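Chemist: Below: one structure in structure tokens.
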2 protein chains.
Amino acid sequence: MAQVLSEQRVAEDRAVAVAAWTRLLRAYAVTTRRLSAELHAEHGLTINDYEALLRLSRAEGGRMKRVELARSLLLTPSGVTRLLEGLERAGLVERVTCPTDLRIAYAQLTAEGRERAAAASCAHVGSVRALFEEHLSPGQLDELADLLGRLPGVAEGDENCTVE
Amino acid sequence: MAQVLSEQRVAEDRAVAVAAWTRLLRAYAVTTRRLSAELHAEHGLTINDYEALLRLSRAEGGRMKRVELARSLLLTPSGVTRLLEGLERAGLVERVTCPTDLRIAYAQLTAEGRERAAAASCAHVGSVRALFEEHLSPGQLDELADLLGRLPGVAEGDENCTVE
DNA sequence: GGTGTACTATTGATTACGCAACTACTTTAG
DNA sequence: CTAAAGTAGTTGCGTAATCAATAGTACACC
């Protein structure tokens with residue numbers, strides 16, 4: 001009897017971890033599709049384009065080392081190279097070399113980049129709020145952010161990421 | 001004074017929705033990288049390969065209509081075509097046409113597919129639990145699953161998705 | 001002061017996926 | 001019974017990202 005109960009308990013515990021995981025997958029898929037479609041239609045930016053501009057706009061002097069940006073966006077270095085390729089072509093970001101360390105190249109936000117970031121931010125934050133606040137109360141959102149932040153590596157990128 | 005408080009309140013509300021959203025992005029990126037690397041290394045499957053096999057193995061007769069699978073995995077029809085291309089080439093899934101409606105093609109799990117699904121499931125569930133349970137209690141996982149499930153379209157795919 | 005190790009960044013090849021356009025079949029309405 | 005509308009699925013094309021391999025630069029240590 002105790003045996004049966006304990007087996008059931010184990011099965012439930014397994015289920016709940018897997019349920020959280022599958023829902024995380026689905027939640028990502030759903031929200032990402034919707035928000036990235038809006039962002040792309042209205043501002044011609046992908047989510048990572050936007051996040052990159054945002055982080056640059058909050059960084060000291062509007063510039064960041066490329067690796068730093070990679071860590072901040074959870075991208076590989078090559079991912080950042082390609083991301084910035086696009087933003088440079090669009091004139092939103094400039095490449096600035098570091099005089100004291102020739103390995104380093106900064107990504108530097110241009111004036112136009114700063115404008116686009118501000119414009120997109122305004123609309124995008126609206127979309128995000130519309131989607132999330134329609135279904136979750138502020139308390140629940142807080143709880144959700146807290147729980148997700150407990151996963152390793154999730155909360156680390158927050159310093160540069162708070163709303164002013 | 002009331003004015004100031006209310007403005008502050010608004011700013012906090014905005015922040016919490018955006019915080020939840022960015023953490024969702026990061027949580028997806030972090031967990032996905034880790035779990036998909038393991039799954040790929042040990043079983044040669046992507047996460048969607050795995051999820052597809054899993055859903056097929058739980059479906060009546062080990063088969064599903066391709067659109068049904070698409071909805072279940074939150075993929076577009078073309079995504080499913082390509083996903084199944086790979087699984088068919090690997091001999092894990094077979095294409096079965098429907099005799100009464102020639103538009104329809106079923107994806108049918110093969111014996112080998114069923115084996116691979118079972119083998120991968122065992123290890124993968126272990127990885128998922130290790131990752132999630134290391135940082136969240138069962139109660140918190142339950143709460144997390146609940147909160148994510150409130151987002152539109154997230155909880156819908158669950159029928160086929162419960163652990164047996 | 002040269003040599004090995006670590007760091008920054010890019011490139012080539014590959015993969016996974018979405019969108020739009022299309023074909024093929026079925027159902028409904030007239 | 002046929003025309004129109006709807007549904008299932010595939011294909012071409014484009015894009016974002018990965019990994020592995022590579023090149024250039026900095027620095028520590030003997």
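Residues in the structure tokens are named by chain (A, B, ... in the order shown) and by number from 1 within that chain; ligands are numbered from 1 in the order shown.
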Pull out every residue of chain D sitting within 12 Å of chain B, counting only C-alpha atoms (C1' of nucleotides), and send them as a PyMOL selection string.

Modeler: chain D and resi 7-12+17-19

Chemist: Check every residue of chain C for an atom within 8 Å of chain B, counting only C-alpha atoms (C1' of nucleotides), and provide those that qualify as a ChimeraX atom specification.

Modeler: /C:17-18,24-26

Chemist: With a cut-off of 9 Å and counting only C-alpha atoms, select all residues of chain B in contact with chain A and give the selection as a ChimeraX atom specification.

Modeler: /B:11-32,73-75,125-126,128-129,131-136,138-155,157-158,161-164

Chemist: As a ChimeraX atom specification, list the residues of chain B assigned to strand (DSSP E) by DSSP on the backbone atoms of this structure.

Modeler: /B:63-65,93-97,105-109

Chemist: For A:Leu92, list every protein, DNA or RNA residue within 10 Å, evaluated using only C-alpha atoms (C1' of nucleotides), and leave out those in the same chain fewer than 2 positions away; present the list as number ranges by chain.

Modeler: A: 49, 53, 84, 86-90, 94, 107-117

Chemist: With C-alpha atoms retained, write the just-selected residues as a short mmCIF file (atom, residue, chain, number, x, y, z; two decimals), in the first residue's frame.

Modeler:
data_model
loop_
_atom_site.label_atom_id
_atom_site.label_comp_id
_atom_site.auth_asym_id
_atom_site.auth_seq_id
_atom_site.Cartn_x
_atom_site.Cartn_y
_atom_site.Cartn_z
CA ASP A 49 17.31 42.39 -33.79
CA LEU A 53 19.17 47.21 -30.27
CA LEU A 84 25.03 42.48 -36.64
CA GLY A 86 22.01 42.72 -40.91
CA LEU A 87 21.84 45.62 -38.50
CA GLU A 88 24.97 47.16 -39.99
CA ARG A 89 23.58 46.83 -43.49
CA ALA A 90 20.43 48.58 -42.26
CA GLU A 94 28.26 50.49 -36.65
CA ALA A 107 28.87 47.17 -31.90
CA GLN A 108 27.92 50.83 -31.72
CA LEU A 109 24.35 52.03 -32.02
CA THR A 110 23.85 54.77 -34.61
CA ALA A 111 21.45 57.67 -34.15
CA GLU A 112 19.02 55.96 -36.50
CA GLY A 113 19.41 52.75 -34.58
CA ARG A 114 18.53 54.52 -31.38
CA GLU A 115 15.43 55.97 -32.96
CA ARG A 116 14.29 52.67 -34.37
CA ALA A 117 14.87 50.97 -31.06
#
